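Data from start.txt: compact mmCIF, N, CA and C atoms
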# COMPACT_ATOMS: atom_id res chain seq x y z
N MET A 97 0.85 -1.17 0.00
CA MET A 97 0.00 0.00 0.00
C MET A 97 0.89 1.23 0.00
N ASN A 98 0.58 2.20 -0.81
CA ASN A 98 1.40 3.39 -0.96
C ASN A 98 0.97 4.44 0.06
N ASP A 99 1.92 4.90 0.89
CA ASP A 99 1.61 5.92 1.89
C ASP A 99 2.02 7.33 1.46
N THR A 100 2.32 7.53 0.19
CA THR A 100 2.69 8.86 -0.26
C THR A 100 1.44 9.74 -0.27
N PRO A 101 1.56 10.98 0.21
CA PRO A 101 0.38 11.84 0.29
C PRO A 101 -0.12 12.26 -1.09
N VAL A 102 -1.41 12.46 -1.17
CA VAL A 102 -2.04 12.94 -2.39
C VAL A 102 -1.86 14.46 -2.43
N PRO A 103 -1.37 15.03 -3.55
CA PRO A 103 -1.17 16.48 -3.60
C PRO A 103 -2.48 17.23 -3.39
N GLY A 104 -2.43 18.27 -2.55
CA GLY A 104 -3.60 19.10 -2.30
C GLY A 104 -4.56 18.52 -1.28
N ARG A 105 -4.23 17.40 -0.66
CA ARG A 105 -5.11 16.78 0.33
C ARG A 105 -4.34 16.60 1.64
N ASP A 106 -4.99 16.99 2.74
CA ASP A 106 -4.39 16.86 4.06
C ASP A 106 -4.32 15.37 4.42
N PRO A 107 -3.14 14.81 4.69
CA PRO A 107 -3.04 13.38 4.98
C PRO A 107 -3.69 12.98 6.30
N TRP A 108 -3.95 13.95 7.20
CA TRP A 108 -4.59 13.65 8.47
C TRP A 108 -6.10 13.79 8.41
N ALA A 109 -6.62 14.30 7.32
CA ALA A 109 -8.07 14.49 7.19
C ALA A 109 -8.73 13.17 6.78
N PRO A 110 -9.98 12.93 7.25
CA PRO A 110 -10.66 11.70 6.83
C PRO A 110 -11.02 11.75 5.35
N LEU A 111 -11.10 10.58 4.74
CA LEU A 111 -11.46 10.49 3.33
C LEU A 111 -12.92 10.89 3.14
N PRO A 112 -13.26 11.56 2.04
CA PRO A 112 -14.67 11.89 1.80
C PRO A 112 -15.39 10.72 1.14
N CYS A 113 -16.66 10.56 1.48
CA CYS A 113 -17.49 9.54 0.83
C CYS A 113 -17.67 9.93 -0.63
N PRO A 114 -17.49 9.00 -1.58
CA PRO A 114 -17.62 9.36 -2.99
C PRO A 114 -19.06 9.68 -3.39
N ILE A 115 -20.03 9.30 -2.57
CA ILE A 115 -21.43 9.55 -2.92
C ILE A 115 -21.94 10.84 -2.29
N CYS A 116 -21.79 10.95 -0.96
CA CYS A 116 -22.39 12.10 -0.27
C CYS A 116 -21.37 13.13 0.20
N ARG A 117 -20.08 12.84 0.05
CA ARG A 117 -18.98 13.73 0.41
C ARG A 117 -18.83 13.98 1.90
N SER A 118 -19.57 13.25 2.75
CA SER A 118 -19.35 13.39 4.19
C SER A 118 -18.11 12.58 4.56
N PRO A 119 -17.45 12.94 5.66
CA PRO A 119 -16.21 12.23 6.02
C PRO A 119 -16.49 10.78 6.42
N ILE A 120 -15.62 9.88 5.99
CA ILE A 120 -15.72 8.47 6.35
C ILE A 120 -14.95 8.28 7.65
N ASN A 121 -15.60 7.72 8.68
CA ASN A 121 -14.93 7.57 9.96
C ASN A 121 -14.71 6.12 10.36
N LEU A 122 -15.08 5.16 9.51
CA LEU A 122 -14.86 3.75 9.82
C LEU A 122 -14.72 2.96 8.53
N LEU A 123 -13.63 2.22 8.40
CA LEU A 123 -13.43 1.33 7.26
C LEU A 123 -13.58 -0.10 7.75
N MET A 124 -14.32 -0.92 6.99
CA MET A 124 -14.50 -2.33 7.35
C MET A 124 -14.18 -3.19 6.14
N HIS A 125 -13.53 -4.33 6.39
CA HIS A 125 -13.21 -5.27 5.33
C HIS A 125 -14.38 -6.21 5.14
N SER A 126 -14.72 -6.50 3.90
CA SER A 126 -15.80 -7.43 3.60
C SER A 126 -15.36 -8.85 3.93
N ASN A 127 -16.24 -9.60 4.60
CA ASN A 127 -15.92 -10.99 4.93
C ASN A 127 -16.03 -11.91 3.72
N THR A 128 -16.65 -11.44 2.65
CA THR A 128 -16.88 -12.30 1.50
C THR A 128 -15.72 -12.28 0.51
N GLY A 129 -14.91 -11.24 0.55
CA GLY A 129 -13.81 -11.11 -0.40
C GLY A 129 -12.54 -11.76 0.12
N PRO A 130 -11.45 -11.63 -0.65
CA PRO A 130 -10.17 -12.19 -0.20
C PRO A 130 -9.63 -11.40 1.00
N ASP A 131 -8.75 -12.05 1.76
CA ASP A 131 -8.14 -11.38 2.91
C ASP A 131 -7.29 -10.20 2.44
N LEU A 132 -7.22 -9.18 3.29
CA LEU A 132 -6.39 -8.02 2.98
C LEU A 132 -4.91 -8.37 3.10
N ASP A 133 -4.10 -7.76 2.27
CA ASP A 133 -2.67 -7.94 2.46
C ASP A 133 -2.27 -7.17 3.73
N PRO A 134 -1.15 -7.52 4.35
CA PRO A 134 -0.79 -6.91 5.64
C PRO A 134 -0.69 -5.39 5.60
N ALA A 135 -0.20 -4.82 4.50
CA ALA A 135 -0.08 -3.36 4.42
C ALA A 135 -1.46 -2.70 4.40
N ALA A 136 -2.40 -3.30 3.67
CA ALA A 136 -3.76 -2.73 3.62
C ALA A 136 -4.45 -2.88 4.97
N ALA A 137 -4.26 -4.02 5.63
CA ALA A 137 -4.86 -4.22 6.96
C ALA A 137 -4.30 -3.22 7.96
N GLN A 138 -3.01 -2.94 7.86
CA GLN A 138 -2.39 -1.96 8.75
C GLN A 138 -2.94 -0.56 8.46
N PHE A 139 -3.15 -0.23 7.18
CA PHE A 139 -3.74 1.07 6.82
C PHE A 139 -5.15 1.21 7.40
N VAL A 140 -5.96 0.15 7.29
CA VAL A 140 -7.33 0.20 7.80
C VAL A 140 -7.32 0.39 9.32
N GLN A 141 -6.46 -0.34 10.02
CA GLN A 141 -6.38 -0.19 11.48
C GLN A 141 -5.93 1.21 11.86
N ARG A 142 -4.91 1.73 11.19
CA ARG A 142 -4.42 3.08 11.49
C ARG A 142 -5.48 4.13 11.19
N TYR A 143 -6.17 3.98 10.05
CA TYR A 143 -7.23 4.93 9.68
C TYR A 143 -8.35 4.91 10.71
N ASN A 144 -8.79 3.73 11.12
CA ASN A 144 -9.88 3.63 12.09
C ASN A 144 -9.47 4.21 13.45
N ARG A 145 -8.23 3.93 13.89
CA ARG A 145 -7.78 4.50 15.15
C ARG A 145 -7.74 6.02 15.10
N LEU A 146 -7.35 6.56 13.96
CA LEU A 146 -7.21 8.00 13.81
C LEU A 146 -8.55 8.71 13.69
N HIS A 147 -9.47 8.14 12.91
CA HIS A 147 -10.70 8.87 12.57
C HIS A 147 -11.95 8.38 13.28
N SER A 148 -11.91 7.24 13.96
CA SER A 148 -13.12 6.75 14.61
C SER A 148 -13.32 7.33 15.99
N GLY A 149 -12.33 8.00 16.53
CA GLY A 149 -12.49 8.63 17.83
C GLY A 149 -13.29 9.92 17.77
N GLN A 150 -13.55 10.40 16.58
CA GLN A 150 -14.30 11.63 16.42
C GLN A 150 -15.77 11.36 16.71
N PRO A 151 -16.48 12.36 17.25
CA PRO A 151 -17.91 12.14 17.51
C PRO A 151 -18.68 11.88 16.22
N VAL A 152 -19.59 10.92 16.30
CA VAL A 152 -20.39 10.55 15.14
C VAL A 152 -21.79 11.12 15.35
N PRO A 153 -22.29 11.93 14.42
CA PRO A 153 -23.63 12.51 14.58
C PRO A 153 -24.70 11.41 14.61
N TRP A 154 -25.83 11.71 15.28
CA TRP A 154 -26.92 10.74 15.40
C TRP A 154 -27.44 10.31 14.03
N ARG A 155 -27.49 11.23 13.10
CA ARG A 155 -27.98 10.88 11.77
C ARG A 155 -27.08 9.84 11.11
N GLN A 156 -25.77 10.00 11.27
CA GLN A 156 -24.83 9.04 10.73
C GLN A 156 -24.94 7.70 11.46
N GLN A 157 -25.15 7.74 12.78
CA GLN A 157 -25.32 6.50 13.55
C GLN A 157 -26.56 5.75 13.08
N LEU A 158 -27.65 6.46 12.83
CA LEU A 158 -28.87 5.82 12.33
C LEU A 158 -28.62 5.21 10.96
N HIS A 159 -27.87 5.91 10.13
CA HIS A 159 -27.56 5.42 8.79
C HIS A 159 -26.65 4.19 8.84
N ASP A 160 -25.70 4.16 9.79
CA ASP A 160 -24.74 3.06 9.90
C ASP A 160 -25.31 1.84 10.62
N THR A 161 -26.35 2.01 11.42
CA THR A 161 -26.86 0.92 12.26
C THR A 161 -27.22 -0.33 11.47
N PRO A 162 -27.99 -0.27 10.36
CA PRO A 162 -28.30 -1.51 9.64
C PRO A 162 -27.07 -2.23 9.10
N VAL A 163 -26.09 -1.48 8.62
CA VAL A 163 -24.87 -2.09 8.08
C VAL A 163 -24.09 -2.77 9.21
N LEU A 164 -23.95 -2.08 10.33
CA LEU A 164 -23.20 -2.63 11.45
C LEU A 164 -23.91 -3.85 12.05
N LEU A 165 -25.25 -3.82 12.11
CA LEU A 165 -25.98 -4.96 12.67
C LEU A 165 -25.88 -6.19 11.76
N ARG A 166 -25.93 -5.99 10.44
CA ARG A 166 -25.75 -7.12 9.52
C ARG A 166 -24.35 -7.72 9.68
N ARG A 167 -23.37 -6.87 9.78
CA ARG A 167 -21.98 -7.35 9.95
C ARG A 167 -21.82 -8.04 11.30
N LEU A 168 -22.45 -7.48 12.34
CA LEU A 168 -22.40 -8.09 13.66
C LEU A 168 -23.02 -9.48 13.64
N ALA A 169 -24.15 -9.63 12.97
CA ALA A 169 -24.81 -10.94 12.90
C ALA A 169 -23.92 -11.97 12.23
N SER A 170 -23.17 -11.57 11.22
CA SER A 170 -22.29 -12.53 10.54
C SER A 170 -21.07 -12.89 11.40
N GLU A 171 -20.61 -11.98 12.24
CA GLU A 171 -19.43 -12.23 13.07
C GLU A 171 -19.76 -12.80 14.43
N PHE A 172 -21.00 -12.70 14.86
CA PHE A 172 -21.35 -13.04 16.24
C PHE A 172 -21.05 -14.50 16.57
N LEU A 173 -21.39 -15.40 15.69
CA LEU A 173 -21.21 -16.82 15.98
C LEU A 173 -19.94 -17.42 15.38
N SER A 174 -19.21 -16.64 14.62
CA SER A 174 -18.00 -17.18 14.00
C SER A 174 -16.88 -17.30 15.04
N PRO A 175 -16.05 -18.32 14.94
CA PRO A 175 -14.97 -18.50 15.91
C PRO A 175 -13.94 -17.37 15.88
N ARG A 176 -13.73 -16.77 14.70
CA ARG A 176 -12.76 -15.67 14.58
C ARG A 176 -13.42 -14.33 14.84
N GLY A 177 -14.67 -14.32 15.23
CA GLY A 177 -15.44 -13.09 15.37
C GLY A 177 -15.12 -12.31 16.63
N LEU A 178 -16.15 -11.93 17.32
CA LEU A 178 -16.02 -11.03 18.46
C LEU A 178 -15.49 -11.74 19.70
N ARG A 179 -14.87 -10.95 20.57
CA ARG A 179 -14.41 -11.48 21.84
C ARG A 179 -15.61 -11.80 22.71
N LEU A 180 -15.43 -12.68 23.67
CA LEU A 180 -16.50 -13.13 24.55
C LEU A 180 -17.11 -11.97 25.34
N VAL A 181 -16.28 -11.03 25.78
CA VAL A 181 -16.78 -9.90 26.57
C VAL A 181 -17.78 -9.07 25.75
N ILE A 182 -17.45 -8.82 24.50
CA ILE A 182 -18.34 -8.04 23.64
C ILE A 182 -19.63 -8.83 23.39
N ARG A 183 -19.52 -10.13 23.17
CA ARG A 183 -20.71 -10.96 22.95
C ARG A 183 -21.64 -10.93 24.15
N VAL A 184 -21.07 -11.07 25.35
CA VAL A 184 -21.89 -11.06 26.57
C VAL A 184 -22.55 -9.70 26.75
N LYS A 185 -21.82 -8.63 26.50
CA LYS A 185 -22.38 -7.29 26.64
C LYS A 185 -23.57 -7.09 25.70
N MET A 186 -23.44 -7.55 24.48
CA MET A 186 -24.54 -7.41 23.52
C MET A 186 -25.72 -8.30 23.89
N LEU A 187 -25.44 -9.51 24.34
CA LEU A 187 -26.52 -10.39 24.77
C LEU A 187 -27.28 -9.81 25.97
N LEU A 188 -26.56 -9.18 26.89
CA LEU A 188 -27.23 -8.55 28.03
C LEU A 188 -28.12 -7.38 27.58
N MET A 189 -27.64 -6.58 26.65
CA MET A 189 -28.46 -5.47 26.16
C MET A 189 -29.71 -5.99 25.44
N LEU A 190 -29.53 -6.98 24.57
CA LEU A 190 -30.67 -7.52 23.84
C LEU A 190 -31.61 -8.27 24.78
N GLY A 191 -31.07 -8.97 25.79
CA GLY A 191 -31.91 -9.63 26.78
C GLY A 191 -32.69 -8.62 27.61
N GLY A 192 -32.06 -7.50 27.94
CA GLY A 192 -32.76 -6.45 28.69
C GLY A 192 -33.93 -5.87 27.91
N VAL A 193 -33.73 -5.63 26.63
CA VAL A 193 -34.83 -5.09 25.83
C VAL A 193 -35.94 -6.13 25.66
N LEU A 194 -35.57 -7.40 25.56
CA LEU A 194 -36.58 -8.45 25.46
C LEU A 194 -37.39 -8.54 26.75
N MET A 195 -36.71 -8.44 27.89
CA MET A 195 -37.43 -8.45 29.18
C MET A 195 -38.36 -7.25 29.30
N TYR A 196 -37.92 -6.09 28.82
CA TYR A 196 -38.79 -4.90 28.86
C TYR A 196 -40.03 -5.12 28.00
N LEU A 197 -39.85 -5.74 26.84
CA LEU A 197 -40.99 -5.94 25.94
C LEU A 197 -42.01 -6.92 26.50
N VAL A 198 -41.58 -7.96 27.20
CA VAL A 198 -42.52 -8.95 27.71
C VAL A 198 -43.03 -8.61 29.11
N SER A 199 -42.42 -7.65 29.79
CA SER A 199 -42.88 -7.30 31.14
C SER A 199 -44.20 -6.55 31.07
N PRO A 200 -45.02 -6.70 32.10
CA PRO A 200 -46.31 -6.00 32.10
C PRO A 200 -46.19 -4.51 32.41
N PHE A 201 -45.03 -4.05 32.85
CA PHE A 201 -44.85 -2.65 33.20
C PHE A 201 -44.26 -1.90 32.02
N ASP A 202 -44.91 -0.83 31.62
CA ASP A 202 -44.48 -0.01 30.49
C ASP A 202 -44.51 1.45 30.88
N LEU A 203 -43.77 2.26 30.14
CA LEU A 203 -43.87 3.70 30.32
C LEU A 203 -45.24 4.18 29.86
N LEU A 204 -45.69 3.67 28.72
CA LEU A 204 -47.02 3.95 28.19
C LEU A 204 -47.73 2.61 27.98
N PRO A 205 -48.56 2.17 28.92
CA PRO A 205 -49.20 0.86 28.79
C PRO A 205 -50.12 0.80 27.57
N GLU A 206 -50.03 -0.31 26.84
CA GLU A 206 -50.86 -0.50 25.66
C GLU A 206 -52.33 -0.58 26.01
N ALA A 207 -52.65 -1.12 27.20
CA ALA A 207 -54.05 -1.26 27.61
C ALA A 207 -54.71 0.11 27.82
N VAL A 208 -53.92 1.09 28.23
CA VAL A 208 -54.48 2.42 28.50
C VAL A 208 -54.39 3.31 27.26
N PHE A 209 -53.24 3.30 26.59
CA PHE A 209 -53.00 4.24 25.50
C PHE A 209 -53.19 3.64 24.11
N GLY A 210 -53.50 2.37 24.03
CA GLY A 210 -53.76 1.74 22.73
C GLY A 210 -52.51 1.69 21.86
N LEU A 211 -52.67 2.11 20.62
CA LEU A 211 -51.60 2.05 19.64
C LEU A 211 -50.40 2.93 20.03
N VAL A 212 -50.67 4.03 20.70
CA VAL A 212 -49.59 4.92 21.15
C VAL A 212 -48.72 4.22 22.19
N GLY A 213 -49.30 3.25 22.90
CA GLY A 213 -48.54 2.51 23.90
C GLY A 213 -47.41 1.68 23.30
N PHE A 214 -47.54 1.31 22.03
CA PHE A 214 -46.47 0.58 21.37
C PHE A 214 -45.31 1.49 20.97
N LEU A 215 -45.54 2.79 21.01
CA LEU A 215 -44.50 3.75 20.62
C LEU A 215 -43.30 3.66 21.55
N ASP A 216 -43.51 3.55 22.86
CA ASP A 216 -42.37 3.47 23.77
C ASP A 216 -41.58 2.18 23.54
N ASP A 217 -42.28 1.10 23.20
CA ASP A 217 -41.57 -0.14 22.89
C ASP A 217 -40.69 0.02 21.66
N ALA A 218 -41.20 0.66 20.64
CA ALA A 218 -40.44 0.87 19.41
C ALA A 218 -39.23 1.77 19.68
N ILE A 219 -39.40 2.78 20.50
CA ILE A 219 -38.28 3.68 20.81
C ILE A 219 -37.21 2.94 21.60
N VAL A 220 -37.62 2.12 22.55
CA VAL A 220 -36.64 1.36 23.34
C VAL A 220 -35.87 0.40 22.44
N ILE A 221 -36.56 -0.28 21.54
CA ILE A 221 -35.89 -1.20 20.61
C ILE A 221 -34.89 -0.45 19.75
N MET A 222 -35.30 0.70 19.21
CA MET A 222 -34.42 1.48 18.34
C MET A 222 -33.18 1.96 19.09
N VAL A 223 -33.37 2.45 20.31
CA VAL A 223 -32.23 2.95 21.09
C VAL A 223 -31.26 1.81 21.42
N VAL A 224 -31.78 0.65 21.78
CA VAL A 224 -30.90 -0.48 22.11
C VAL A 224 -30.16 -0.97 20.87
N LEU A 225 -30.81 -1.01 19.73
CA LEU A 225 -30.12 -1.42 18.51
C LEU A 225 -29.01 -0.44 18.14
N ILE A 226 -29.25 0.85 18.33
CA ILE A 226 -28.20 1.84 18.09
C ILE A 226 -27.05 1.64 19.07
N MET A 227 -27.36 1.34 20.32
CA MET A 227 -26.31 1.10 21.31
C MET A 227 -25.49 -0.15 20.95
N VAL A 228 -26.16 -1.21 20.50
CA VAL A 228 -25.44 -2.42 20.08
C VAL A 228 -24.53 -2.10 18.90
N ALA A 229 -25.01 -1.31 17.95
CA ALA A 229 -24.19 -0.93 16.80
C ALA A 229 -22.99 -0.09 17.25
N ARG A 230 -23.17 0.77 18.25
CA ARG A 230 -22.05 1.57 18.75
C ARG A 230 -21.01 0.70 19.44
N VAL A 231 -21.47 -0.30 20.20
CA VAL A 231 -20.52 -1.22 20.85
C VAL A 231 -19.76 -2.00 19.79
N TYR A 232 -20.45 -2.43 18.76
CA TYR A 232 -19.78 -3.16 17.68
C TYR A 232 -18.78 -2.26 16.95
N ARG A 233 -19.16 -1.01 16.69
CA ARG A 233 -18.23 -0.07 16.05
C ARG A 233 -16.96 0.07 16.89
N PHE A 234 -17.12 0.19 18.20
CA PHE A 234 -15.98 0.31 19.09
C PHE A 234 -15.13 -0.95 19.03
N ALA A 235 -15.78 -2.13 18.97
CA ALA A 235 -15.04 -3.39 18.89
C ALA A 235 -14.25 -3.48 17.59
N VAL A 236 -14.82 -3.00 16.48
CA VAL A 236 -14.12 -3.02 15.19
C VAL A 236 -12.91 -2.09 15.23
N VAL A 237 -13.08 -0.92 15.84
CA VAL A 237 -12.00 0.06 15.87
C VAL A 237 -10.85 -0.42 16.75
N THR A 238 -11.17 -1.06 17.88
CA THR A 238 -10.10 -1.45 18.81
C THR A 238 -9.48 -2.79 18.47
N SER A 239 -10.07 -3.54 17.53
CA SER A 239 -9.46 -4.84 17.20
C SER A 239 -8.36 -4.70 16.17

Could you write out this structure as structure tokens?
Amino acid sequence: MNDTPVPGRDPWAPLPCPICRSPINLLMHSNTGPDLDPAAAQFVQRYNRLHSGQPVPWRQQLHDTPVLLRRLASEFLSPRGLRLVIRVKMLLMLGGVLMYLVSPFDLLPEAVFGLVGFLDDAIVIMVVLIMVARVYRFAVVTS
């Protein structure tokens, strides 16, 4: 991999997305393609360490959540996938949201508020899925 700087571009600045021109703050290797050569893998790790520590706006987190959750599902059960600590943390979060959904106690009970009562359940599910995606993003950056 060539580390020579591109003329007119700050080498410390994140790469722009070719579609929307927003800064890219996380690079991930596809599990379906060939393995990265060591120089490319080192570049991806260095890039992620440098640019993933920046705050990620909520809109970007919402946009990234489906991609990160699909990738998480493929890595969750693989032997080379996530560390046990990360797996347990995610299972506890998902178990907590499942317990909230089946418990009779709600912020807005469905029996009283009808269809609006399901709104708090949907919000809790969405927030927990975003949190799981953030934990996975952190695991990708630190690995």

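Between atom CA of Leu190 of chain A and atom CA of Thr161 of chain A the interatomic distance comes to 14.8 Å.
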
Once you count only N, CA and C atoms, which residues end up no further than 5 Å from (-13.3, 7.7, 12.1) in the file's frame, shown as a short mmCIF file (atom, residue, chain, number, x, y, z; two decimals) with N, CA and C atoms, in the coordinates of the input?
data_model
loop_
_atom_site.label_atom_id
_atom_site.label_comp_id
_atom_site.auth_asym_id
_atom_site.auth_seq_id
_atom_site.Cartn_x
_atom_site.Cartn_y
_atom_site.Cartn_z
N ILE A 120 -15.62 9.88 5.99
CA ILE A 120 -15.72 8.47 6.35
C ILE A 120 -14.95 8.28 7.65
N ASN A 121 -15.60 7.72 8.68
CA ASN A 121 -14.93 7.57 9.96
C ASN A 121 -14.71 6.12 10.36
N LEU A 122 -15.08 5.16 9.51
CA LEU A 122 -14.86 3.75 9.82
C LEU A 122 -14.72 2.96 8.53
N HIS A 147 -9.47 8.14 12.91
CA HIS A 147 -10.70 8.87 12.57
C HIS A 147 -11.95 8.38 13.28
N SER A 148 -11.91 7.24 13.96
CA SER A 148 -13.12 6.75 14.61
C SER A 148 -13.32 7.33 15.99
N GLY A 149 -12.33 8.00 16.53
CA GLY A 149 -12.49 8.63 17.83
C GLY A 149 -13.29 9.92 17.77
#

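Atom CA of Thr238 of chain A lies 11.3 Å from atom CA of Arg179 of chain A.
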
Atom pair atom CA of Arg230 of chain A + atom CA of Leu132 of chain A, distance 24.2 Å

If we count only N, CA and C atoms, what is near segment 209-224 of chain A at a cut-off of 8 Å, once residues fewer than 4 positions away on the same chain are taken out, given as a short mmCIF file (atom, residue, chain, number, x, y, z; two decimals) with N, CA and C atoms, in the frame of the given file?
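Heads up, here's the output in selection-v8.cif:
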data_model
loop_
_atom_site.label_atom_id
_atom_site.label_comp_id
_atom_site.auth_asym_id
_atom_site.auth_seq_id
_atom_site.Cartn_x
_atom_site.Cartn_y
_atom_site.Cartn_z
N MET A 189 -27.64 -6.58 26.65
CA MET A 189 -28.46 -5.47 26.16
C MET A 189 -29.71 -5.99 25.44
N LEU A 190 -29.53 -6.98 24.57
CA LEU A 190 -30.67 -7.52 23.84
C LEU A 190 -31.61 -8.27 24.78
N VAL A 193 -33.73 -5.63 26.63
CA VAL A 193 -34.83 -5.09 25.83
C VAL A 193 -35.94 -6.13 25.66
N LEU A 194 -35.57 -7.40 25.56
CA LEU A 194 -36.58 -8.45 25.46
C LEU A 194 -37.39 -8.54 26.75
N TYR A 196 -37.92 -6.09 28.82
CA TYR A 196 -38.79 -4.90 28.86
C TYR A 196 -40.03 -5.12 28.00
N LEU A 197 -39.85 -5.74 26.84
CA LEU A 197 -40.99 -5.94 25.94
C LEU A 197 -42.01 -6.92 26.50
N ASP A 202 -44.91 -0.83 31.62
CA ASP A 202 -44.48 -0.01 30.49
C ASP A 202 -44.51 1.45 30.88
N LEU A 203 -43.77 2.26 30.14
CA LEU A 203 -43.87 3.70 30.32
C LEU A 203 -45.24 4.18 29.86
N LEU A 204 -45.69 3.67 28.72
CA LEU A 204 -47.02 3.95 28.19
C LEU A 204 -47.73 2.61 27.98
N PRO A 205 -48.56 2.17 28.92
CA PRO A 205 -49.20 0.86 28.79
C PRO A 205 -50.12 0.80 27.57
N VAL A 228 -26.16 -1.21 20.50
CA VAL A 228 -25.44 -2.42 20.08
C VAL A 228 -24.53 -2.10 18.90
N ALA A 229 -25.01 -1.31 17.95
CA ALA A 229 -24.19 -0.93 16.80
C ALA A 229 -22.99 -0.09 17.25
N ARG A 230 -23.17 0.77 18.25
CA ARG A 230 -22.05 1.57 18.75
C ARG A 230 -21.01 0.70 19.44
#

DSSP on the backbone: what in chain A comes out helix (DSSP H, G or I), as a VMD selection string? chain A and resid 134 to 147 154 to 172 180 to 198 206 to 238

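If you measure from each of A:Val198, A:Val237, A:Val208, A:Val163 to Leu123 of chain A using only C-alpha atoms, the closest one turns out to be A:Val237.
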
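For the choices A:Pro200, A:Pro112, A:Pro151, A:Pro162, the atom-to-atom distance to Leu225 of chain A is smallest for A:Pro162 when using only C-alpha atoms.
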
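Considering the residues A:Trp154, A:Pro134, A:Ile182, A:Arg142 and counting all atoms listed in the file, Ala235 of chain A has its shortest atom-to-atom contact with A:Ile182.
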
Nearest to Val140 of chain A, restricted to all atoms listed in the file and choosing among A:Met124, A:Leu158, A:Leu164, A:Cys113, comes out as A:Met124

Give the padded box for segment 164-169 of chain A as AutoDock Vina command-line options: axis-aligned, covering all atoms listed in the file, 5 Å on each side, centre and edge lengths in Å to one decimal.
--center_x -23.9 --center_y -7.0 --center_z 11.6 --size_x 14.2 --size_y 19.9 --size_z 14.1

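Candidate residues A:Leu173, A:Ser199, A:Met186, A:Asp131 were compared for distance to Met227 of chain A, and the nearest is A:Met186, using only N, CA and C atoms.
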